[in-house]
Structure formats: C-alpha cells, structure tokens
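Chemist: Enclosed is the structure file start26.tsv (TSV, C-alpha atoms).
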```tsv
chain	number	residue	atom	x	y	z
A	1	MET	CA	-50.83	22.97	-47.01
A	2	LEU	CA	-47.09	23.67	-46.95
A	3	LEU	CA	-45.57	26.67	-48.72
A	4	LEU	CA	-42.47	26.02	-50.83
A	5	ILE	CA	-40.52	29.08	-52.00
A	6	SER	CA	-37.82	28.90	-54.69
A	7	PRO	CA	-34.91	31.35	-54.38
A	8	ASP	CA	-32.42	31.35	-57.26
A	9	GLY	CA	-29.33	31.82	-55.14
A	10	VAL	CA	-27.87	32.59	-51.74
A	11	GLU	CA	-28.90	36.27	-51.67
A	12	GLU	CA	-32.55	35.39	-52.22
A	13	ALA	CA	-32.26	32.58	-49.71
A	14	LEU	CA	-31.27	35.17	-47.12
A	15	ASP	CA	-34.47	37.04	-47.99
A	16	CYS	CA	-36.34	33.78	-47.43
A	17	ALA	CA	-34.60	33.46	-44.06
A	18	LYS	CA	-36.00	36.88	-43.12
A	19	SER	CA	-39.50	35.53	-43.74
A	20	ALA	CA	-38.85	32.00	-42.47
A	21	GLU	CA	-41.88	32.12	-40.17
A	22	HIS	CA	-44.12	32.37	-43.23
A	23	LEU	CA	-42.73	29.49	-45.31
A	24	ASP	CA	-42.18	25.76	-44.84
A	25	ILE	CA	-39.65	24.61	-47.47
A	26	VAL	CA	-36.84	26.48	-49.25
A	27	ASP	CA	-36.43	25.14	-52.77
A	28	VAL	CA	-33.15	25.51	-54.65
A	29	LYS	CA	-33.45	25.84	-58.40
A	30	LYS	CA	-31.91	27.76	-61.30
A	31	PRO	CA	-34.76	29.37	-63.24
A	32	ASP	CA	-32.61	30.25	-66.25
A	33	GLU	CA	-32.01	26.52	-66.81
A	34	GLY	CA	-35.71	25.68	-67.01
A	35	SER	CA	-38.82	25.11	-64.96
A	36	LEU	CA	-36.99	22.70	-62.65
A	37	GLY	CA	-33.49	23.86	-63.55
A	38	ALA	CA	-30.80	22.44	-61.28
A	39	ASN	CA	-28.50	24.74	-59.36
A	40	PHE	CA	-24.91	23.99	-58.38
A	41	PRO	CA	-24.05	21.68	-55.46
A	42	TRP	CA	-22.19	24.47	-53.68
A	43	VAL	CA	-25.25	26.72	-53.96
A	44	ILE	CA	-27.39	24.02	-52.32
A	45	ARG	CA	-24.85	23.80	-49.49
A	46	GLU	CA	-24.69	27.58	-49.06
A	47	ILE	CA	-28.47	27.91	-49.00
A	48	ARG	CA	-28.73	25.05	-46.52
A	49	ASP	CA	-26.38	27.03	-44.28
A	50	ALA	CA	-28.22	30.31	-44.87
A	51	VAL	CA	-31.72	29.30	-43.81
A	52	PRO	CA	-32.86	28.18	-40.34
A	53	ALA	CA	-31.97	24.58	-39.53
A	54	ASP	CA	-35.62	23.67	-38.95
A	55	LYS	CA	-36.58	24.64	-42.51
A	56	PRO	CA	-36.05	21.75	-44.93
A	57	VAL	CA	-34.32	22.49	-48.20
A	58	SER	CA	-35.46	20.96	-51.46
A	59	ALA	CA	-33.42	20.88	-54.63
A	60	THR	CA	-34.41	20.37	-58.23
A	61	VAL	CA	-32.34	17.91	-60.25
A	62	GLY	CA	-33.47	19.46	-63.52
A	63	ASP	CA	-35.86	18.94	-66.42
A	64	VAL	CA	-34.18	15.61	-66.94
A	65	PRO	CA	-33.66	13.39	-70.00
A	66	TYR	CA	-34.51	9.70	-70.15
A	67	LYS	CA	-31.09	8.74	-68.80
A	68	PRO	CA	-31.57	6.91	-65.49
A	69	GLY	CA	-27.86	6.70	-64.63
A	70	THR	CA	-27.20	10.37	-65.29
A	71	VAL	CA	-30.25	11.44	-63.30
A	72	ALA	CA	-29.43	9.12	-60.38
A	73	GLN	CA	-25.98	10.66	-60.06
A	74	ALA	CA	-27.44	14.16	-60.16
A	75	ALA	CA	-29.97	13.25	-57.47
A	76	LEU	CA	-27.24	11.84	-55.26
A	77	GLY	CA	-25.33	15.10	-55.67
A	78	ALA	CA	-28.35	17.06	-54.47
A	79	VAL	CA	-28.89	14.97	-51.35
A	80	VAL	CA	-25.16	14.92	-50.50
A	81	SER	CA	-25.22	18.72	-50.76
A	82	GLY	CA	-27.85	18.98	-48.03
A	83	ALA	CA	-31.27	18.77	-49.66
A	84	THR	CA	-34.08	16.92	-47.87
A	85	TYR	CA	-36.51	16.95	-50.82
A	86	ILE	CA	-35.15	15.84	-54.19
A	87	LYS	CA	-37.32	16.95	-57.14
A	88	VAL	CA	-36.99	15.36	-60.58
A	89	GLY	CA	-38.74	16.81	-63.63
A	90	LEU	CA	-39.61	13.96	-66.01
A	91	TYR	CA	-39.13	16.14	-69.07
A	92	GLY	CA	-37.58	13.51	-71.33
A	93	CYS	CA	-39.80	10.59	-70.32
A	94	THR	CA	-42.53	9.89	-72.86
A	95	THR	CA	-44.04	6.78	-71.23
A	96	PRO	CA	-44.83	5.77	-67.65
A	97	GLU	CA	-42.33	2.90	-67.97
A	98	GLN	CA	-39.52	5.36	-68.72
A	99	GLY	CA	-40.61	7.50	-65.80
A	100	VAL	CA	-40.56	4.52	-63.44
A	101	GLU	CA	-37.09	3.54	-64.64
A	102	VAL	CA	-35.69	7.01	-64.01
A	103	MET	CA	-37.41	7.48	-60.67
A	104	SER	CA	-36.49	4.01	-59.39
A	105	ALA	CA	-32.83	4.83	-60.02
A	106	VAL	CA	-33.23	8.16	-58.24
A	107	VAL	CA	-34.96	6.59	-55.24
A	108	ARG	CA	-32.21	4.02	-54.84
A	109	ALA	CA	-29.42	6.58	-55.14
A	110	VAL	CA	-31.03	8.98	-52.68
A	111	LYS	CA	-32.31	6.49	-50.10
A	112	ASP	CA	-29.06	4.51	-50.03
A	113	HIS	CA	-27.36	7.70	-48.87
A	114	ARG	CA	-30.10	9.24	-46.74
A	115	PRO	CA	-33.16	7.04	-46.10
A	116	GLU	CA	-35.21	9.86	-44.59
A	117	ALA	CA	-34.86	12.10	-47.66
A	118	LEU	CA	-38.02	12.61	-49.71
A	119	VAL	CA	-38.06	11.99	-53.45
A	120	VAL	CA	-40.49	13.94	-55.62
A	121	ALA	CA	-41.50	12.84	-59.13
A	122	SER	CA	-42.58	15.91	-61.07
A	123	GLY	CA	-44.58	15.98	-64.26
A	124	TYR	CA	-45.81	18.95	-66.27
A	125	ALA	CA	-49.28	20.37	-66.57
A	126	ASP	CA	-48.43	21.42	-70.15
A	127	ALA	CA	-47.00	18.01	-71.08
A	128	HIS	CA	-48.83	18.20	-74.41
A	129	ARG	CA	-46.55	21.07	-75.45
A	130	ILE	CA	-43.29	19.16	-74.87
A	131	GLY	CA	-44.33	15.57	-75.54
A	132	CYS	CA	-43.63	14.13	-72.09
A	133	VAL	CA	-45.64	11.74	-69.96
A	134	ASN	CA	-49.29	12.50	-69.16
A	135	PRO	CA	-49.73	14.48	-65.91
A	136	LEU	CA	-52.16	11.97	-64.44
A	137	ALA	CA	-49.58	9.20	-64.86
A	138	VAL	CA	-47.18	10.89	-62.43
A	139	PRO	CA	-48.73	9.57	-59.17
A	140	HIS	CA	-48.56	6.05	-60.62
A	141	ILE	CA	-44.91	6.57	-61.59
A	142	ALA	CA	-44.07	7.92	-58.14
A	143	ALA	CA	-45.80	5.04	-56.37
A	144	ARG	CA	-44.25	2.31	-58.51
A	145	SER	CA	-40.76	3.71	-58.07
A	146	GLY	CA	-40.96	4.15	-54.31
A	147	ALA	CA	-40.95	7.95	-54.37
A	148	ASP	CA	-42.60	10.00	-51.64
A	149	ALA	CA	-44.47	12.68	-53.57
A	150	ALA	CA	-45.99	13.49	-56.94
A	151	MET	CA	-45.84	17.00	-58.32
A	152	LEU	CA	-47.07	19.05	-61.26
A	153	ASP	CA	-45.42	22.22	-62.56
A	154	THR	CA	-45.45	23.99	-65.91
A	155	ALA	CA	-42.62	23.36	-68.34
A	156	VAL	CA	-42.95	26.45	-70.52
A	157	LYS	CA	-42.80	29.68	-68.55
A	158	ASP	CA	-44.65	31.95	-70.95
A	159	GLY	CA	-47.25	33.47	-68.66
A	160	THR	CA	-49.64	30.52	-68.77
A	161	ARG	CA	-50.45	28.91	-65.45
A	162	LEU	CA	-51.17	25.55	-63.87
A	163	PHE	CA	-54.95	25.84	-64.22
A	164	ASP	CA	-54.66	26.98	-67.84
A	165	HIS	CA	-53.46	23.48	-68.73
A	166	VAL	CA	-54.85	21.27	-65.95
A	167	PRO	CA	-58.13	22.71	-64.61
A	168	PRO	CA	-59.04	22.36	-60.93
A	169	ASP	CA	-61.11	19.21	-61.42
A	170	VAL	CA	-58.17	17.44	-63.11
A	171	CYS	CA	-55.81	18.71	-60.41
A	172	ALA	CA	-58.25	17.28	-57.87
A	173	GLU	CA	-57.96	13.89	-59.60
A	174	PHE	CA	-54.16	14.19	-59.49
A	175	VAL	CA	-54.29	14.85	-55.74
A	176	ARG	CA	-56.76	11.99	-55.23
A	177	LEU	CA	-54.51	9.55	-57.11
A	178	ALA	CA	-51.48	10.67	-55.13
A	179	HIS	CA	-53.23	10.32	-51.79
A	180	ALA	CA	-54.67	6.93	-52.73
A	181	ALA	CA	-51.09	5.75	-53.29
A	182	GLY	CA	-49.89	7.18	-49.97
A	183	LEU	CA	-48.02	10.06	-51.59
A	184	LEU	CA	-47.82	13.77	-50.94
A	185	ALA	CA	-49.32	15.90	-53.71
A	186	ALA	CA	-47.50	19.08	-54.73
A	187	LEU	CA	-48.73	21.67	-57.25
A	188	ALA	CA	-46.91	24.61	-58.81
A	189	GLY	CA	-46.83	26.55	-62.06
A	190	SER	CA	-47.19	30.34	-61.84
A	191	VAL	CA	-49.55	29.90	-58.90
A	192	GLN	CA	-51.11	33.14	-57.66
A	193	GLN	CA	-53.00	34.05	-54.50
A	194	THR	CA	-56.27	33.73	-56.42
A	195	ASP	CA	-55.50	30.02	-56.96
A	196	LEU	CA	-55.24	29.24	-53.26
A	197	GLY	CA	-58.97	28.64	-52.79
A	198	PRO	CA	-59.23	25.72	-55.20
A	199	LEU	CA	-55.79	24.39	-54.23
A	200	THR	CA	-56.93	24.28	-50.61
A	201	ARG	CA	-60.28	22.66	-51.39
A	202	ILE	CA	-58.76	19.80	-53.39
A	203	GLY	CA	-56.37	18.89	-50.57
A	204	THR	CA	-53.01	19.97	-52.01
A	205	ASP	CA	-50.19	19.14	-49.57
A	206	ILE	CA	-47.48	21.45	-50.93
A	207	VAL	CA	-47.84	24.56	-53.09
A	208	GLY	CA	-44.72	25.85	-54.83
A	209	VAL	CA	-44.29	29.48	-55.85
A	210	ARG	CA	-41.67	31.88	-57.10
A	211	GLY	CA	-43.11	34.58	-59.37
A	212	ALA	CA	-45.98	35.34	-56.96
A	213	VAL	CA	-43.50	36.42	-54.27
A	214	CYS	CA	-41.02	38.21	-56.57
A	215	ALA	CA	-40.98	41.92	-57.29
A	216	GLY	CA	-43.22	42.65	-60.24
A	217	GLY	CA	-44.34	39.02	-60.36
A	218	ASP	CA	-41.27	38.28	-62.51
A	219	ARG	CA	-39.71	34.89	-61.71
A	220	LYS	CA	-36.52	35.69	-63.64
A	221	ALA	CA	-35.84	39.42	-63.32
A	222	GLY	CA	-37.64	39.97	-60.02
A	223	ARG	CA	-36.30	39.20	-56.57
A	224	ILE	CA	-38.14	37.48	-53.73
A	225	GLN	CA	-39.68	40.02	-51.35
A	226	PRO	CA	-40.26	39.04	-47.69
A	227	ARG	CA	-43.43	41.18	-47.58
A	228	LEU	CA	-44.87	39.27	-50.54
A	229	VAL	CA	-44.05	35.95	-48.86
A	230	ALA	CA	-45.88	37.15	-45.74
A	231	ALA	CA	-48.89	38.26	-47.81
A	232	PHE	CA	-49.02	34.95	-49.66
A	233	ARG	CA	-48.94	33.02	-46.37
A	234	ALA	CA	-51.66	35.23	-44.92
A	235	GLU	CA	-53.94	34.36	-47.84
A	236	MET	CA	-53.08	30.65	-47.46
A	237	ASP	CA	-54.03	30.82	-43.81
A	238	ARG	CA	-57.27	32.64	-44.61
A	239	GLN	CA	-58.27	30.04	-47.16
A	240	ALA	CA	-57.43	27.24	-44.71
A	241	ARG	CA	-59.60	28.80	-41.99
A	242	GLU	CA	-62.54	29.28	-44.34
A	243	HIS	CA	-62.22	25.75	-45.68
A	244	ALA	CA	-62.10	24.34	-42.14
A	245	VAL	CA	-65.41	25.96	-41.22
A	246	GLY	CA	-67.04	25.34	-44.58
A	247	VAL	CA	-67.24	28.97	-45.68
A	248	PRO	CA	-66.92	29.33	-49.48
A	249	ALA	CA	-63.59	30.89	-50.42
A	250	GLY	CA	-63.79	34.60	-51.14
A	251	LYS	CA	-66.97	35.14	-49.14
```
Could I get this file's structure written as structure tokens?

Modeler:
Amino acid sequence: MLLLISPDGVEEALDCAKSAEHLDIVDVKKPDEGSLGANFPWVIREIRDAVPADKPVSATVGDVPYKPGTVAQAALGAVVSGATYIKVGLYGCTTPEQGVEVMSAVVRAVKDHRPEALVVASGYADAHRIGCVNPLAVPHIAARSGADAAMLDTAVKDGTRLFDHVPPDVCAEFVRLAHAAGLLAALAGSVQQTDLGPLTRIGTDIVGVRGAVCAGGDRKAGRIQPRLVAAFRAEMDRQAREHAVGVPAGK
C-alpha cells in the first residue's frame, strides 16, 4: 500500500521532503477549495521542485462540475505543471454516463501530453449528501474512460470519515471492482491509523491522508508534521507485516 500525503503549499511540501523516506506520493491540493480543491499551476511546479525527484507528485483538478471541456483543460494544466497523478473529483456528475464523458475528456487531454501520467477518477463516500454518482460506479467509470485508478474520498469535511459512509465491506467491493478492471484502488477521507488494518486487509493500493499527519489532526489549521508522517508509515508497515503472516491486526 502506497502512502499519499497532501500538503497545502510549498512550505508543507518541504516538511514532506524531510520525511520523504516515509511517503510514496506528494499530493497537491487546496483544502480551502474543497475535498479535492485544486491548487495553482505555479504551486504544483514549486512543489515538484521541492520534493525529491523520485517521489511522484499528484495534483487534484478539483471537485469538478459536469463540464468535460473545462475539466479537460484543468487536467492538462496539472500535468503540464509537473504532476504524474491527475485526480478528478466527480462532484457534479450525477450519472455514470456523465462521469465517463468527463473522465474520457480528461484521459485524452492528459495522455496526449504525457502518456505515462496516471489519471484517477475520484468519487465520494458521502455521495448521498451531495447528489453525485454512486461510489460503486466509480471503478466502472474509470475503466470505461481509460483512467488508471479509482478513488473514494469524502466530500463534506465535517469530522465524519470514510468508513462512516462506506463501511469496510463496501470498500472491499470497491477495491475488488477496481482490481477486476485492472485499476489501482485508492481510498481517503479522514483516514486514521486505526483504519489501516481493514484498509490493508481489503487490498487498498493507495491510502491518502492529510489530517492524520497534521498538528492537532486539523486538515485546515494544522500543519503536516514529519514525526506524524513517520508514525503513520510505521503503523502501515506493522499492519502489512501482520497481514503477510496472517496475524489478526491489533494482536
């Protein structure tokens, strides 16, 4: 399982660089613009320059509307700015067909420029609260559009978490559907260390966190702490070892 950490700017990215040995992907977002809020192109470039060259950078395109042309241009801007993973939150898509239309445009825009870049279709565990596409439709959308990964996050950051809206057995089905389609499966949404056991057991490929590695657990007011990144990775590694030998997590 890969660890994706989301700094909100260059200063926090430098903190991520201090703990680069403990993380796998640096994710550029702007938390005050939403769950998958997009940051500025120049911030993506600066963060790309600030972190070690062997650490891929991902960038969120935003909690996007059902406007395929607009979203495709935004995605192209992210990949031109140096991102390897391009994440699109299907906030304004209410049907799988709309999701496929948006993601197909994104895939074409991104892959025409950089074929090796990875496109991530992201849905929301709390889709019922915002009226967007069902979480379990996201792997299908990603596969039909030619994307590389399917992801779930939470749209409303009010203290509720991934498993509050999509319990582990449903997350397991999400991961199974993604893998059956040849996709990576990424899960996020106020994930804590206590969630790492079930996330490991269901075969999650990428786990995304911010609040769990920020001072005070606050994704907006807190700042990423290298020691918390190291502690989170240590627990990930422990869960992976126990899972590999068949020891129940927490024993």

Chemist: For stretch 230-246 of chain A, list every protein, DNA or RNA residue within 9 Å, evaluated using only C-alpha atoms, and leave out those in the same chain fewer than 5 positions away; present the list as a list in words.

Modeler: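 Listing them by chain and then by number gives Met1, Leu3, Ser19, Glu21, His22, Leu23, Gln192, Gln193, Thr194, Leu196, Gly197, Thr200, Arg201, Ala212, Val213, Gln225 and Lys251 of chain A.
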
Chemist: Go ahead and write the residues just picked, C-alpha atoms, as a compact mmCIF listing (two decimals), in the frame of the given file.

Modeler:
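In the end it all went to selection.txt:
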```txt
# COMPACT_ATOMS: atom_id res chain seq x y z
CA MET A 1 -50.83 22.97 -47.01
CA LEU A 3 -45.57 26.67 -48.72
CA SER A 19 -39.50 35.53 -43.74
CA GLU A 21 -41.88 32.12 -40.17
CA HIS A 22 -44.12 32.37 -43.23
CA LEU A 23 -42.73 29.49 -45.31
CA GLN A 192 -51.11 33.14 -57.66
CA GLN A 193 -53.00 34.05 -54.50
CA THR A 194 -56.27 33.73 -56.42
CA LEU A 196 -55.24 29.24 -53.26
CA GLY A 197 -58.97 28.64 -52.79
CA THR A 200 -56.93 24.28 -50.61
CA ARG A 201 -60.28 22.66 -51.39
CA ALA A 212 -45.98 35.34 -56.96
CA VAL A 213 -43.50 36.42 -54.27
CA GLN A 225 -39.68 40.02 -51.35
CA LYS A 251 -66.97 35.14 -49.14
```

Chemist: Please determine the residues with any atom at most 8 Å from (-46.0, 7.7, -74.6) (coordinates as given in the file, with all atoms listed in the file counting) and report them as a list in words.

Modeler: Thr94, Thr95, Pro96, Cys132, Val133 and Asn134 of chain A

Chemist: Given the choices A:Ala125, A:Asp148, A:Val138, A:Gly182, which gets closest to A:Asp164 if the distance is worked out from only C-alpha atoms?

Modeler: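 Among A:Ala125, A:Asp148, A:Val138, A:Gly182, it is A:Ala125 that comes nearest to A:Asp164.
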
Chemist: Distance atom CA of A:Glu33-atom CA of A:Pro226, one decimal place?

Modeler: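 For atom CA of A:Glu33 relative to atom CA of A:Pro226, the distance reads 24.3 Å.
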
Chemist: Can you pull out the residues contacting A:Ile141? Cut-off 10 Å, using only C-alpha atoms, and skip same-chain residues under 2 positions away; I want them as a compact mmCIF listing (two decimals) with C-alpha atoms, in the frame of the given file.

Modeler:
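What landed in around.txt:
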```txt
# COMPACT_ATOMS: atom_id res chain seq x y z
CA THR A 95 -44.04 6.78 -71.23
CA PRO A 96 -44.83 5.77 -67.65
CA GLU A 97 -42.33 2.90 -67.97
CA GLN A 98 -39.52 5.36 -68.72
CA GLY A 99 -40.61 7.50 -65.80
CA VAL A 100 -40.56 4.52 -63.44
CA GLU A 101 -37.09 3.54 -64.64
CA VAL A 102 -35.69 7.01 -64.01
CA MET A 103 -37.41 7.48 -60.67
CA SER A 104 -36.49 4.01 -59.39
CA ALA A 121 -41.50 12.84 -59.13
CA SER A 122 -42.58 15.91 -61.07
CA GLY A 123 -44.58 15.98 -64.26
CA VAL A 133 -45.64 11.74 -69.96
CA LEU A 136 -52.16 11.97 -64.44
CA ALA A 137 -49.58 9.20 -64.86
CA VAL A 138 -47.18 10.89 -62.43
CA PRO A 139 -48.73 9.57 -59.17
CA ALA A 143 -45.80 5.04 -56.37
CA ARG A 144 -44.25 2.31 -58.51
CA SER A 145 -40.76 3.71 -58.07
CA GLY A 146 -40.96 4.15 -54.31
CA ALA A 147 -40.95 7.95 -54.37
CA ALA A 150 -45.99 13.49 -56.94
```
